[in-house]
$ cat upload01.txt   # compact mmCIF, C-alpha atoms
# COMPACT_ATOMS: atom_id res chain seq x y z
CA MET A 1405 -14.37 -0.71 -2.58
CA LEU A 1406 -11.50 -3.03 -1.64
CA HIS A 1407 -11.14 -3.72 -5.36
CA ARG A 1408 -10.47 -0.01 -5.88
CA ILE A 1409 -8.14 0.38 -2.89
CA SER A 1410 -6.12 -2.69 -3.88
CA GLY A 1411 -6.09 -1.44 -7.47
CA VAL A 1412 -4.64 1.94 -6.50
CA LEU A 1413 -1.99 0.26 -4.31
CA LEU A 1414 -1.08 -2.11 -7.14
CA PHE A 1415 -0.64 0.94 -9.39
CA PHE A 1416 1.45 2.73 -6.76
CA PRO A 1417 3.72 1.53 -5.26
CA GLY A 1418 2.98 -1.88 -6.87
CA ILE A 1419 4.10 -1.33 -10.48
CA PRO A 1420 7.37 0.56 -9.75
CA ILE A 1421 8.35 -2.04 -7.13
CA LEU A 1422 7.58 -4.85 -9.59
CA LEU A 1423 9.72 -3.25 -12.31
CA CYS A 1424 12.55 -2.43 -9.90
CA SER A 1425 12.59 -6.02 -8.62
CA LEU A 1426 12.55 -7.47 -12.11
CA GLN A 1427 15.40 -5.20 -13.19
CA THR A 1428 17.52 -6.07 -10.15
CA ALA A 1429 16.88 -9.80 -10.58
CA MET A 1430 17.84 -9.63 -14.28
CA ASP A 1431 20.77 -7.21 -14.21
CA SER A 1432 23.73 -9.39 -13.19
CA PRO A 1433 24.49 -12.56 -11.22
CA GLN A 1434 25.64 -10.35 -8.37
CA SER A 1435 22.49 -8.19 -8.23
CA TYR A 1436 20.45 -11.41 -8.50
CA ILE A 1437 22.08 -12.77 -5.35
CA GLU A 1438 21.76 -9.43 -3.56
CA PHE A 1439 18.08 -9.35 -4.49
CA GLN A 1440 17.58 -12.87 -3.14
CA SER A 1441 19.11 -12.04 0.22
CA PHE A 1442 17.08 -8.82 0.27
CA LEU A 1443 13.90 -10.87 -0.17
CA ALA A 1444 14.94 -13.15 2.68
CA THR A 1445 14.66 -10.42 5.34
CA PRO A 1446 11.52 -10.98 7.45
CA LEU A 1447 10.26 -7.40 7.00
CA ILE A 1448 10.50 -7.62 3.21
CA LYS A 1449 8.95 -11.09 3.21
CA GLY A 1450 6.06 -9.79 5.29
CA SER A 1451 5.53 -6.80 2.98
CA LEU A 1452 5.66 -9.10 -0.01
CA ILE A 1453 2.93 -11.29 1.45
CA LEU A 1454 0.81 -8.20 2.14
CA ALA A 1455 1.34 -7.11 -1.47
CA MET A 1456 0.41 -10.64 -2.52
CA TRP A 1457 -2.88 -10.25 -0.68
CA PHE A 1458 -3.66 -6.95 -2.47
CA PHE A 1459 -2.97 -8.65 -5.78
CA LEU A 1460 -4.90 -11.86 -5.03
CA HIS A 1461 -7.88 -9.94 -3.71
CA HIS A 1462 -7.90 -7.76 -6.84
CA PHE A 1463 -7.56 -10.90 -8.99
CA CYS A 1464 -10.48 -12.71 -7.31
CA ALA A 1465 -12.68 -9.60 -7.30
CA GLY A 1466 -11.91 -9.17 -11.01
CA ILE A 1467 -12.99 -12.74 -11.76
CA ARG A 1468 -16.23 -12.03 -9.88
CA HIS A 1469 -16.77 -8.98 -12.11
CA LEU A 1470 -16.15 -11.03 -15.24
CA ALA A 1471 -18.58 -13.73 -14.05
CA MET A 1472 -21.27 -11.12 -13.35
CA ASP A 1473 -20.75 -9.58 -16.80
CA LEU A 1474 -21.58 -13.02 -18.17
CA HIS A 1475 -24.74 -12.93 -16.00
CA TYR A 1476 -23.55 -15.44 -13.43
CA GLY A 1477 -24.62 -14.72 -9.86
CA VAL A 1478 -26.35 -11.41 -10.50
CA THR A 1479 -29.10 -11.66 -7.89
CA LEU A 1480 -28.63 -9.64 -4.70
CA GLU A 1481 -28.28 -12.76 -2.57
CA GLN A 1482 -25.72 -14.39 -4.88
CA SER A 1483 -23.67 -11.22 -5.24
CA ARG A 1484 -23.49 -10.77 -1.45
CA MET A 1485 -22.39 -14.38 -1.18
CA SER A 1486 -19.73 -14.08 -3.90
CA GLY A 1487 -18.51 -10.82 -2.37
CA LYS A 1488 -17.73 -12.68 0.85
CA LEU A 1489 -16.27 -15.58 -1.12
CA VAL A 1490 -13.84 -13.18 -2.87
CA LEU A 1491 -12.65 -11.86 0.49
CA VAL A 1492 -12.17 -15.39 1.87
CA MET A 1493 -10.47 -16.69 -1.31
CA GLY A 1494 -8.06 -13.75 -1.38
CA ILE A 1495 -6.98 -14.34 2.21
CA LEU A 1496 -6.90 -18.13 1.81
CA LEU A 1497 -4.70 -17.99 -1.32
CA THR A 1498 -2.42 -15.46 0.38
CA ILE A 1499 -1.96 -17.77 3.37
CA LEU A 1500 -1.34 -20.73 1.06
CA ILE A 1501 1.30 -18.90 -1.01
CA GLY A 1502 2.69 -17.18 2.09
CA VAL A 1503 3.31 -20.50 3.85
CA LYS A 1504 4.92 -21.88 0.68
CA LEU A 1505 7.22 -18.85 0.27
CA TRP A 1506 8.17 -18.48 3.91
CA MET B 718 -43.10 12.81 -22.93
CA VAL B 719 -39.45 13.30 -22.13
CA LYS B 720 -37.10 11.78 -24.59
CA LEU B 721 -33.89 10.52 -22.99
CA ALA B 722 -30.80 11.11 -25.06
CA VAL B 723 -27.57 9.26 -24.46
CA THR B 724 -24.89 11.81 -23.72
CA GLY B 725 -21.22 11.70 -22.81
CA ALA B 726 -17.97 11.08 -24.55
CA HIS B 727 -18.96 7.55 -25.68
CA TYR B 728 -15.71 5.94 -24.55
CA GLY B 729 -17.44 4.21 -21.64
CA LEU B 730 -18.37 0.97 -23.41
CA ARG B 731 -15.01 0.68 -25.16
CA ASP B 732 -13.11 1.19 -21.91
CA TRP B 733 -15.39 -1.26 -20.13
CA LEU B 734 -14.51 -3.86 -22.77
CA VAL B 735 -10.77 -3.02 -22.78
CA GLN B 736 -10.70 -3.34 -18.99
CA ARG B 737 -12.09 -6.87 -19.25
CA ILE B 738 -9.96 -8.00 -22.19
CA THR B 739 -6.74 -6.77 -20.54
CA ALA B 740 -7.80 -8.44 -17.28
CA ALA B 741 -8.38 -11.76 -19.04
CA LEU B 742 -5.04 -11.52 -20.91
CA MET B 743 -3.15 -10.81 -17.67
CA ALA B 744 -4.93 -13.66 -15.87
CA VAL B 745 -3.99 -16.15 -18.61
CA TYR B 746 -0.36 -14.95 -18.64
CA LEU B 747 -0.04 -15.12 -14.85
CA VAL B 748 -1.57 -18.59 -14.60
CA LEU B 749 0.82 -19.83 -17.33
CA LEU B 750 3.79 -18.12 -15.65
CA ALA B 751 2.88 -19.62 -12.26
CA THR B 752 2.61 -23.05 -13.89
CA ILE B 753 6.07 -22.68 -15.49
CA LEU B 754 7.62 -21.45 -12.23
CA ILE B 755 6.07 -24.27 -10.19
CA ALA B 756 6.90 -26.97 -12.79
CA SER B 757 10.58 -25.97 -13.12
CA PRO B 758 11.62 -23.26 -10.68
CA PRO B 759 14.72 -21.38 -11.88
CA HIS B 760 17.26 -22.03 -9.11
CA ASP B 761 20.05 -19.70 -10.19
CA TYR B 762 20.73 -16.59 -12.24
CA ALA B 763 21.52 -18.53 -15.42
CA ALA B 764 18.23 -20.44 -15.31
CA TRP B 765 16.36 -17.24 -14.53
CA ARG B 766 17.94 -15.41 -17.51
CA MET B 767 17.30 -18.46 -19.67
CA LEU B 768 13.57 -18.14 -18.98
CA PHE B 769 13.58 -14.56 -20.27
CA SER B 770 15.81 -15.24 -23.26
CA GLY B 771 13.04 -16.86 -25.32
CA GLN B 772 11.57 -14.40 -27.81
CA TRP B 773 8.03 -15.70 -27.25
CA PHE B 774 8.34 -15.32 -23.52
CA ARG B 775 9.53 -11.73 -24.01
CA ILE B 776 6.65 -10.93 -26.35
CA ALA B 777 4.09 -12.51 -23.98
CA SER B 778 5.60 -10.59 -21.06
CA PHE B 779 5.51 -7.38 -23.06
CA LEU B 780 1.82 -7.97 -23.89
CA PHE B 781 1.24 -8.56 -20.19
CA PHE B 782 2.86 -5.21 -19.35
CA VAL B 783 0.89 -3.36 -22.04
CA SER B 784 -2.32 -4.90 -20.65
CA LEU B 785 -1.27 -3.97 -17.13
CA PHE B 786 -0.55 -0.33 -18.01
CA TRP B 787 -3.71 0.09 -20.09
CA HIS B 788 -5.77 -1.58 -17.34
CA ALA B 789 -4.15 0.68 -14.74
CA TRP B 790 -4.93 3.80 -16.80
CA ILE B 791 -8.65 2.97 -17.11
CA GLY B 792 -8.89 2.06 -13.44
CA MET B 793 -7.00 5.11 -12.22
CA ARG B 794 -8.96 7.45 -14.52
CA ASN B 795 -12.28 6.08 -13.27
CA ILE B 796 -11.20 6.49 -9.66
CA LEU B 797 -9.92 10.04 -10.25
CA MET B 798 -13.19 10.94 -12.03
CA ASP B 799 -15.20 9.61 -9.09
CA TYR B 800 -13.29 11.17 -6.19
CA ILE B 801 -11.37 14.23 -7.40
CA HIS B 802 -13.92 16.90 -8.22
CA SER B 803 -11.62 19.84 -8.84
CA THR B 804 -11.00 19.80 -12.60
CA GLY B 805 -7.50 21.25 -12.35
CA THR B 806 -6.31 18.79 -9.72
CA ARG B 807 -7.88 15.86 -11.56
CA LEU B 808 -6.29 16.86 -14.86
CA LEU B 809 -2.89 17.21 -13.20
CA MET B 810 -3.21 13.79 -11.55
CA GLN B 811 -4.36 12.18 -14.81
CA ILE B 812 -1.36 13.66 -16.60
CA LEU B 813 0.94 12.29 -13.87
CA VAL B 814 -0.62 8.82 -14.21
CA ILE B 815 -0.17 8.90 -18.01
CA LEU B 816 3.44 10.06 -17.75
CA ALA B 817 4.20 7.37 -15.15
CA LEU B 818 2.64 4.64 -17.30
CA LEU B 819 4.50 5.79 -20.44
CA PHE B 820 7.73 5.75 -18.45
CA TYR B 821 6.94 2.24 -17.15
CA ALA B 822 6.21 1.05 -20.70
CA VAL B 823 9.65 2.14 -21.92
CA TRP B 824 11.24 0.73 -18.78
CA SER B 825 9.57 -2.68 -19.21
CA VAL B 826 10.87 -2.93 -22.80
CA ASP B 827 14.35 -2.03 -21.54
CA ILE B 828 14.17 -4.78 -18.90
CA LEU B 829 12.78 -7.45 -21.23
CA TRP B 830 15.19 -6.84 -24.14
CA ARG B 831 18.45 -6.16 -22.40
$ encode --input "upload01.txt" --output "structure tokens"
Amino acid sequence: MLHRISGVLLFFPGIPILLCSLQTAMDSPQSYIEFQSFLATPLIKGSLILAMWFFLHHFCAGIRHLAMDLHYGVTLEQSRMSGKLVLVMGILLTILIGVKLW
Amino acid sequence: MVKLAVTGAHYGLRDWLVQRITAALMAVYLVLLATILIASPPHDYAAWRMLFSGQWFRIASFLFFVSLFWHAWIGMRNILMDYIHSTGTRLLMQILVILALLFYAVWSVDILWR
């Protein structure tokens, strides 16, 4: 379920924000600097880390899907375990990257 | 004895496969990109533009975006099919998703090759 919710949020507003950011960062030296100072505001930084969590959760849950398609961890017990692991890994990676970026 | 016939539009298996191939492509691209950014972080605008000036980097990034948009379409369509039961509303939303993704595709090319 979280895989779906995070997926929808990555589609909107995720993709347009990603493209807007990339365009602003690429446009000119001036817009690049403006974009950097925009990213430095605490509110934006916080939102970015939240977005990072949506992405990382979706990423980890996707890897779990791929593993199960290859018949790894398909028993009920294993899948419950890996489901929790995905949740923990998503949060852990977000904290790790969040600390590094902040 | 009841004979069970497979019915449906038969795009299920193909989309299932596409969803996984695009996911794997995006994962490889993102891991490589993260490695590049960690190994030599671009500190200013010139270095940042330099990264995107390589033709191979542009092509890889474009493939990433195509994978992303295709992946998003399959995911969004599946979700709309599961939760929006009014055919008219679902069709309208699917059209909006397609239009948005087509727009994003053109936009991403514009960003990568400017």
$ residues_near_point --input "upload01.txt" --point "(16.4, -14.9, -16.2)" --cutoff "12 Å" --atoms "all atoms listed in the file" --output "PyMOL selection string"
(chain A and resi 1426-1433+1436) or (chain B and resi 754+758-771+774-775+828-831)
$ write_last_selection --input "upload01.txt" --atoms "C-alpha atoms" --output "PDB file, in the coordinates of the input"
ATOM      1  CA  LEU A1426      12.550  -7.470 -12.110  1.00  0.00           C
ATOM      2  CA  GLN A1427      15.400  -5.200 -13.190  1.00  0.00           C
ATOM      3  CA  THR A1428      17.520  -6.070 -10.150  1.00  0.00           C
ATOM      4  CA  ALA A1429      16.880  -9.800 -10.580  1.00  0.00           C
ATOM      5  CA  MET A1430      17.840  -9.630 -14.280  1.00  0.00           C
ATOM      6  CA  ASP A1431      20.770  -7.210 -14.210  1.00  0.00           C
ATOM      7  CA  SER A1432      23.730  -9.390 -13.190  1.00  0.00           C
ATOM      8  CA  PRO A1433      24.490 -12.560 -11.220  1.00  0.00           C
ATOM      9  CA  TYR A1436      20.450 -11.410  -8.500  1.00  0.00           C
TER      10      TYR A1436
ATOM     11  CA  LEU B 754       7.620 -21.450 -12.230  1.00  0.00           C
ATOM     12  CA  PRO B 758      11.620 -23.260 -10.680  1.00  0.00           C
ATOM     13  CA  PRO B 759      14.720 -21.380 -11.880  1.00  0.00           C
ATOM     14  CA  HIS B 760      17.260 -22.030  -9.110  1.00  0.00           C
ATOM     15  CA  ASP B 761      20.050 -19.700 -10.190  1.00  0.00           C
ATOM     16  CA  TYR B 762      20.730 -16.590 -12.240  1.00  0.00           C
ATOM     17  CA  ALA B 763      21.520 -18.530 -15.420  1.00  0.00           C
ATOM     18  CA  ALA B 764      18.230 -20.440 -15.310  1.00  0.00           C
ATOM     19  CA  TRP B 765      16.360 -17.240 -14.530  1.00  0.00           C
ATOM     20  CA  ARG B 766      17.940 -15.410 -17.510  1.00  0.00           C
ATOM     21  CA  MET B 767      17.300 -18.460 -19.670  1.00  0.00           C
ATOM     22  CA  LEU B 768      13.570 -18.140 -18.980  1.00  0.00           C
ATOM     23  CA  PHE B 769      13.580 -14.560 -20.270  1.00  0.00           C
ATOM     24  CA  SER B 770      15.810 -15.240 -23.260  1.00  0.00           C
ATOM     25  CA  GLY B 771      13.040 -16.860 -25.320  1.00  0.00           C
ATOM     26  CA  PHE B 774       8.340 -15.320 -23.520  1.00  0.00           C
ATOM     27  CA  ARG B 775       9.530 -11.730 -24.010  1.00  0.00           C
ATOM     28  CA  ILE B 828      14.170  -4.780 -18.900  1.00  0.00           C
ATOM     29  CA  LEU B 829      12.780  -7.450 -21.230  1.00  0.00           C
ATOM     30  CA  TRP B 830      15.190  -6.840 -24.140  1.00  0.00           C
ATOM     31  CA  ARG B 831      18.450  -6.160 -22.400  1.00  0.00           C
TER      32      ARG B 831
END
$ residues_around --input "upload01.txt" --residues "Thr1498 in chain A" --least-positions-apart "6" --cutoff "9 Å" --atoms "all atoms listed in the file" --output "mmCIF file with C-alpha atoms, keeping the file's coordinate frame"
data_model
loop_
_atom_site.group_PDB
_atom_site.id
_atom_site.type_symbol
_atom_site.label_atom_id
_atom_site.label_comp_id
_atom_site.auth_asym_id
_atom_site.auth_seq_id
_atom_site.Cartn_x
_atom_site.Cartn_y
_atom_site.Cartn_z
ATOM 1 C CA ILE A 1453 2.930 -11.290 1.450
ATOM 2 C CA LEU A 1454 0.810 -8.200 2.140
ATOM 3 C CA MET A 1456 0.410 -10.640 -2.520
ATOM 4 C CA TRP A 1457 -2.880 -10.250 -0.680
ATOM 5 C CA LEU A 1460 -4.900 -11.860 -5.030
ATOM 6 C CA HIS A 1461 -7.880 -9.940 -3.710
#
$ atom_distance --input "upload01.txt" --atom1 "CA of Ala1471 in chain A" --atom2 "CA of Gly1487 in chain A"
12.0 Å
$ interface_residues --input "upload01.txt" --of "chain A" --to "chain B" --cutoff "12 Å" --atoms "all atoms listed in the file" --output "NGL selection string"
:A and (1405 or 1407-1440 or 1459-1460 or 1462-1474 or 1501 or 1504-1505)
$ atom_distance --input "upload01.txt" --atom1 "CA of Trp787 in chain B" --atom2 "CA of Leu734 in chain B"
11.8 Å
$ atom_distance --input "upload01.txt" --atom1 "CA of Ser1451 in chain A" --atom2 "CA of Trp1506 in chain A"
12.0 Å
